[in-house]
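Q: Quick one: this structure, given as structure tokens, is what I'll be asking you about.
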Amino acid sequence: MANSYELTDVKKYFGSKATTVRALDGVDLTIAENEFLAIQGPTGQGKSTLLTLLGALDRPTAGKITYDGRDLGALPESELAQLRAAEFGFVFQTFNLIPTLTAQENVETALVPSGVSAEERRSRALQALADLGLDDRATHLPSELSGGQQQRVAIARALVKNPRVLLADEPTGNLDEQTRDEIVGLLEKLWRERGLTLIVVTHDSWVAARAQRIAVIKGGRVNTPEQVASS
Amino acid sequence: MFFTYLRRELRRRSRQAIVVSLGLAIGIGLVMTVSSASAGVKDAQTQVLHSLYGVGTDMTVTKTASVGSFTPSHFGFGGVKGTGAVAGGSKISRNVLHVTGGDATLPSSDVTKIASLSGTKAATGGLVLTDTSFSGTLPKFSFSGGTRTFTRNFGRHGGGSSSSTSTPSTFSGGSSSFNINSFTVTGIQISNAGVGPLDASQVTKGHYFSTKDTDADLAIVSASYAKTAKLSVGSKIMVAGKSLDVIGIAASNSNSANVYIPLATAQKLSGLTNDVSTIYVSATSASNVSSLSTSVGKVLPGSTEQTSASLANDVTGSLSSASSLANNLGRWLAIAALIVAFLTAGLLMMAAVSRRTREFGTLKAIGWKSRRIVGQVMGEGIALGIAGGIGGLIIGLIGSRVISGVSPALTADVPATGGFGGGFAGAAGTPPGGFGGFSHHHTASASSILVHLSAPLQGGTIALAVGLAIAGGLVAGGFGAWRASRLRPAAALRSIG
């Protein structure tokens, strides 16, 4: 299995010299293509920071992150934006849908940077919603949808551009148990069917247990659950 | 997507959008109202200028007589030569036509010089004269010397009226009595009727001069003087002792001449062959009047150019107050309102963008470039600017209509110079039997001209509103866009984590 990501001694610090927060402090991690990885860890230990680096939303303070052989820390912002537009799909805990746009329009926003025509955007967005069982909710605003439906719209938005990597930050954090099961089942299904690399940040051990591998972040470093348990 | 997103976003923030647009609208509306009022004040000043100097005139050029150079006309009574006395009880009657006091004459060739200047549409010469007739019985007194002032002997001297009036006066010396009658006469160039103190459109009875009348003994009389002097079309009027036929009656205002005659006739009767006293100039456009005035000053050193702008400095009264109000208080008030509106719009947009951090961060996370997000925010700002511009246009239109509807009456008090100049002088070489050097050269009473203020909404004012609307939108959008461009995409995720 080819490697999708290679992280070598990645550090990410925030704040000034006097008040430096070491969110990541020497992360070494390899993520294979089509892998389903769960990232766990206590609050404030750098899980989301790691996800922003994997999603090319931020650059490391030190160390190297390569994706598909490309150094994400060295690429210009325009190429990073292109990567985000074509290769990475994001799913957030609070769904992050645009409140003024309908479900269909929210899904369409993911195709805007690729320069897809309005007509094709519409048909692909409707198809993506239909794939997630939301074809009857296409014209609804986020405020008219349940939490589970909003998260499914967010997943449709992440997948409509057929990304290679799906990055999910606490995707079930705001959902009840039944909806959580539905969403995790859906993500698992999409991962299998589409051959995605799926990286999920979660507190939920039940969700993490569904992953092929679990990486635990503690003290700004990545450990295996066994390492954490033995320490 | 751009317009859908923009429309929905503005609808979501409708209250804020209304506040921003209304602020911009008030600012733009105020600027428009003040601009149109200023244009109205300028129109009123031009109206005053035209009222003073004639139709189509953007500028008048005159030359003031230098001290000591003034050679007044005189009544040559032909008295006893040398030292002696004018015979008491002698009856005298004289009629002279002289340049209205204070003005020097310019050669007619200067008209051609000005006409050939770049920026001149037309130029025409005029000879502004005063006809003074003096008749009566000489008093019995004696004096010696060639030049002697005798005002002390007179109870009062008359004729001290402005150039627009004609006041027969009487004064006495000893047991005698004199009648002095004066009226203003302007010689006008007929061949160039587009600019000048009188054109055919002002003739209400009879007709204007024909091109054949360049040196004819004809006259057009102002309506007010015709009434005073009981003249009508077909009457005869004595100018410098010459009988002229009245062929028309012209509408008059407080600054009209009493009598208009062909320029060549005026030159012949006054002995000022090839001279003019005023050059009336029409500029190719209102915007180059100032530069034309400078050019004229260079071509004719020592000349005085009066434009509507320079006239504004001389005018007092409510027109001057309105001008000052529009140019000072009004302009600064409008600018202050505009700055407040722009700043409010900008700050509100910036605050709105700050509240949308997660939204923009999410868009960046899904691949939107900063440029696209900045464009979206700028689009929202410009949309608000356009809404503010439309509102401003409506407010400006209402303001302009209200001013024009109320049409406040403004008075322009213009200090008139000259008037009854020249006078009675024993000029050089004149036998001392004439009256001594009574050079009556005074400042005539100020003219008061009534004009009504309107506030025309000109193309330039509308263009200004459109420009301000776009500027307002760019300022509002620029503040927001600047804030949006500084957002880091990671903020979307960090705000959750």
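Chain lettering (A, B, ...) mirrors the order of the structure tokens, residue numbering begins at 1 for each chain separately, and ligand numbering begins at 1 in order of display.
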As number ranges by chain, please: all residues of range 24-152 of chain A that backbone DSSP puts in strand (DSSP E).
A: A: 24-32, 36-40, 62-67, 70-71, 88-91
Q: Neighbours of Ala86 in chain A within 12 Å (only C-alpha atoms; same-chain residues fewer than 5 positions away dropped), as a PyMOL selection string?
A: (chain A and resi 55-56+79-81+110-116+158-166) or (chain B and resi 365-368)
Q: Within 8 Å of chain B, which residues of chain A come that close, and what is the closest atom pair and distance in Å for each? Count only C-alpha atoms and give it as CSV.
A:
residue,atom,partner,partner_atom,distance
A:Thr43,CA,B:Gly497,CA,7.9
A:Gly44,CA,B:Gly497,CA,7.6
A:Ser48,CA,B:Gly497,CA,5.8
A:Thr49,CA,B:Arg494,CA,7.3
A:Thr52,CA,B:Ala490,CA,5.9
A:Gly55,CA,B:Ala365,CA,7.8
A:Leu57,CA,B:Ala490,CA,5.2
A:Asp58,CA,B:Ala490,CA,6.0
A:Ser78,CA,B:Lys369,CA,7.3
A:Ala81,CA,B:Gly367,CA,5.0
A:Gln82,CA,B:Gly367,CA,6.3
A:Leu83,CA,B:Gly367,CA,7.4
A:Arg84,CA,B:Gly367,CA,4.7
A:Ala85,CA,B:Gly367,CA,3.8
A:Ala86,CA,B:Gly367,CA,7.5
A:Phe88,CA,B:Ile366,CA,7.6
A:Gly89,CA,B:Ile366,CA,6.7
A:Phe90,CA,B:Ile366,CA,6.8
A:Phe92,CA,B:Leu493,CA,7.4
A:Gln93,CA,B:Ile496,CA,7.1
A:Thr94,CA,B:Ile496,CA,7.3
A:Asn96,CA,B:Thr362,CA,6.6
A:Leu97,CA,B:Glu359,CA,7.6
A:Ile98,CA,B:Glu359,CA,6.4
A:Thr100,CA,B:Arg8,CA,5.6
A:Leu101,CA,B:Tyr5,CA,6.9
A:Glu105,CA,B:Met1,CA,7.8
A:Thr109,CA,B:Leu363,CA,7.7
A:Ala110,CA,B:Ile366,CA,5.8
A:Val112,CA,B:Trp368,CA,7.6
A:Pro113,CA,B:Trp368,CA,5.5
A:Ala118,CA,B:Met1,CA,7.9
A:Ala158,CA,B:Ile366,CA,7.6
A:Asp169,CA,B:Leu493,CA,7.8
Q: May I have the residues from that selection written out with N, CA, C and O atoms, as a short mmCIF file (atom, residue, chain, number, x, y, z; two decimals), in the first residue's frame?
A:
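As written to disk, part.cif reads:
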data_model
loop_
_atom_site.label_atom_id
_atom_site.label_comp_id
_atom_site.auth_asym_id
_atom_site.auth_seq_id
_atom_site.Cartn_x
_atom_site.Cartn_y
_atom_site.Cartn_z
N THR A 43 -8.63 16.70 25.09
CA THR A 43 -8.86 18.04 24.54
C THR A 43 -7.59 18.90 24.68
O THR A 43 -6.91 18.82 25.70
N GLY A 44 -7.31 19.65 23.64
CA GLY A 44 -6.18 20.60 23.69
C GLY A 44 -4.83 19.95 23.49
O GLY A 44 -3.80 20.57 23.77
N SER A 48 -6.91 18.65 16.41
CA SER A 48 -7.42 19.49 15.31
C SER A 48 -6.28 20.18 14.58
O SER A 48 -6.34 20.38 13.36
N THR A 49 -5.24 20.54 15.35
CA THR A 49 -4.07 21.18 14.71
C THR A 49 -3.45 20.23 13.69
O THR A 49 -3.09 20.62 12.57
N THR A 52 -5.53 20.21 10.59
CA THR A 52 -5.35 21.39 9.72
C THR A 52 -4.07 21.27 8.90
O THR A 52 -4.02 21.71 7.76
N GLY A 55 -4.71 18.79 6.18
CA GLY A 55 -5.61 19.35 5.16
C GLY A 55 -5.03 20.54 4.43
O GLY A 55 -5.74 21.21 3.68
N LEU A 57 -4.31 23.39 5.52
CA LEU A 57 -4.90 24.66 5.94
C LEU A 57 -3.89 25.51 6.71
O LEU A 57 -4.10 26.69 6.92
N ASP A 58 -2.83 24.91 7.11
CA ASP A 58 -1.79 25.61 7.88
C ASP A 58 -0.45 24.95 7.57
O ASP A 58 -0.41 23.84 7.01
N SER A 78 -1.39 29.23 -3.47
CA SER A 78 -2.30 28.92 -4.59
C SER A 78 -2.38 27.41 -4.85
O SER A 78 -3.46 26.87 -5.11
N ALA A 81 -4.38 25.81 -2.09
CA ALA A 81 -5.82 26.01 -2.31
C ALA A 81 -6.32 25.03 -3.37
O ALA A 81 -7.44 24.48 -3.26
N GLN A 82 -5.50 24.79 -4.37
CA GLN A 82 -5.88 23.86 -5.44
C GLN A 82 -6.00 22.42 -4.89
O GLN A 82 -6.93 21.70 -5.26
N LEU A 83 -5.05 22.08 -4.01
CA LEU A 83 -5.10 20.75 -3.37
C LEU A 83 -6.38 20.60 -2.56
O LEU A 83 -7.06 19.57 -2.63
N ARG A 84 -6.69 21.64 -1.78
CA ARG A 84 -7.89 21.60 -0.94
C ARG A 84 -9.15 21.51 -1.81
O ARG A 84 -10.12 20.85 -1.43
N ALA A 85 -9.10 22.19 -2.96
CA ALA A 85 -10.27 22.18 -3.83
C ALA A 85 -10.46 20.82 -4.52
O ALA A 85 -11.60 20.41 -4.77
N ALA A 86 -9.38 20.12 -4.79
CA ALA A 86 -9.50 18.90 -5.60
C ALA A 86 -9.29 17.60 -4.81
O ALA A 86 -9.97 16.60 -5.07
N PHE A 88 -8.81 17.19 -1.10
CA PHE A 88 -9.23 17.00 0.30
C PHE A 88 -10.70 17.38 0.50
O PHE A 88 -11.14 18.42 0.01
N GLY A 89 -11.38 16.54 1.27
CA GLY A 89 -12.74 16.88 1.67
C GLY A 89 -12.75 17.04 3.18
O GLY A 89 -12.11 16.27 3.89
N PHE A 90 -13.45 18.06 3.66
CA PHE A 90 -13.51 18.31 5.11
C PHE A 90 -14.93 18.11 5.65
O PHE A 90 -15.90 18.55 5.03
N PHE A 92 -16.83 18.86 9.40
CA PHE A 92 -16.58 19.49 10.70
C PHE A 92 -17.61 19.05 11.74
O PHE A 92 -18.73 18.67 11.40
N GLN A 93 -17.22 19.23 13.00
CA GLN A 93 -18.13 18.85 14.09
C GLN A 93 -19.43 19.66 14.04
O GLN A 93 -20.51 19.13 14.24
N THR A 94 -19.28 20.97 13.78
CA THR A 94 -20.50 21.81 13.78
C THR A 94 -21.01 22.03 12.35
O THR A 94 -21.69 23.00 12.07
N ASN A 96 -20.63 23.40 9.76
CA ASN A 96 -20.12 24.58 9.02
C ASN A 96 -20.78 24.77 7.66
O ASN A 96 -20.11 25.04 6.67
N LEU A 97 -22.09 24.66 7.65
CA LEU A 97 -22.80 24.95 6.40
C LEU A 97 -23.06 26.46 6.32
O LEU A 97 -23.17 27.13 7.35
N ILE A 98 -23.14 26.97 5.11
CA ILE A 98 -23.43 28.41 4.95
C ILE A 98 -24.93 28.58 5.22
O ILE A 98 -25.76 28.00 4.50
N THR A 100 -27.15 30.78 4.74
CA THR A 100 -28.07 31.43 3.79
C THR A 100 -28.27 30.61 2.52
O THR A 100 -29.09 30.97 1.68
N LEU A 101 -27.51 29.55 2.38
CA LEU A 101 -27.61 28.73 1.16
C LEU A 101 -28.36 27.44 1.45
O LEU A 101 -28.27 26.89 2.55
N GLU A 105 -27.16 24.21 -2.66
CA GLU A 105 -26.18 25.29 -2.90
C GLU A 105 -24.93 25.11 -2.04
O GLU A 105 -23.81 25.41 -2.47
N THR A 109 -21.00 24.75 -3.40
CA THR A 109 -19.84 25.61 -3.08
C THR A 109 -18.51 24.87 -3.23
O THR A 109 -17.48 25.49 -3.53
N ALA A 110 -18.53 23.55 -3.02
CA ALA A 110 -17.29 22.77 -3.12
C ALA A 110 -16.80 22.65 -4.57
O ALA A 110 -15.63 22.35 -4.81
N VAL A 112 -17.29 25.19 -6.84
CA VAL A 112 -17.01 26.53 -7.38
C VAL A 112 -15.52 26.72 -7.69
O VAL A 112 -15.17 27.19 -8.80
N PRO A 113 -14.60 26.35 -6.77
CA PRO A 113 -13.17 26.60 -7.08
C PRO A 113 -12.66 25.82 -8.29
O PRO A 113 -11.69 26.23 -8.92
N ALA A 118 -22.31 25.97 -13.97
CA ALA A 118 -23.44 26.03 -13.02
C ALA A 118 -24.35 24.83 -13.18
O ALA A 118 -24.83 24.24 -12.20
N ALA A 158 -18.35 17.49 1.06
CA ALA A 158 -16.95 17.03 1.07
C ALA A 158 -16.68 16.03 -0.05
O ALA A 158 -15.57 15.99 -0.59
N ASP A 169 -13.38 16.16 11.41
CA ASP A 169 -13.04 16.63 12.76
C ASP A 169 -14.25 16.47 13.66
O ASP A 169 -15.20 17.25 13.57
#
Q: Quick one: residues within 6 Å of range 136-146 of chain A, only C-alpha atoms, excluding same-chain residues fewer than 6 positions away - as a ChimeraX atom specification?
A: /A:99,102-104
Q: I'd like a table as a Markdown table: residues in range 45-137 of chain A with an atom no more than 9 Å from range 182-204 of chain A, each row giving the shortest atom pair and its distance in Å to one decimal, only C-alpha atoms counted, sorted by chain and rising residue number.
A:
| residue | atom | partner | partner_atom | distance |
| --- | --- | --- | --- | --- |
| A:Lys47 | CA | A:Val201 | CA | 6.5 |
| A:Ser48 | CA | A:Val201 | CA | 7.2 |
| A:Leu51 | CA | A:Val201 | CA | 7.6 |
| A:Leu132 | CA | A:Leu186 | CA | 8.2 |
Q: Val377 in chain B: which residues within 9 Å, counting only C-alpha atoms, same-chain residues fewer than 5 positions away excluded, as a list in words?
A: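 Everything that qualifies: Leu6, Met349, Val353, Arg372, Ile382, Gly477, Gly478, Gly480, Ala481 and Ala484 of chain B.
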Q: When distances are computed from only C-alpha atoms, which of B:Ala250, B:Ala115, B:Leu24, B:Val281 shows the smallest separation from Thr62 in chain B?
A: B:Val281
Q: Hey, can you check how far CA of Pro262 in chain B sits from CA of Ala229 in chain B?
A: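 Taking CA of Pro262 in chain B as the start and CA of Ala229 in chain B as the end point, the length is 20.3 Å.
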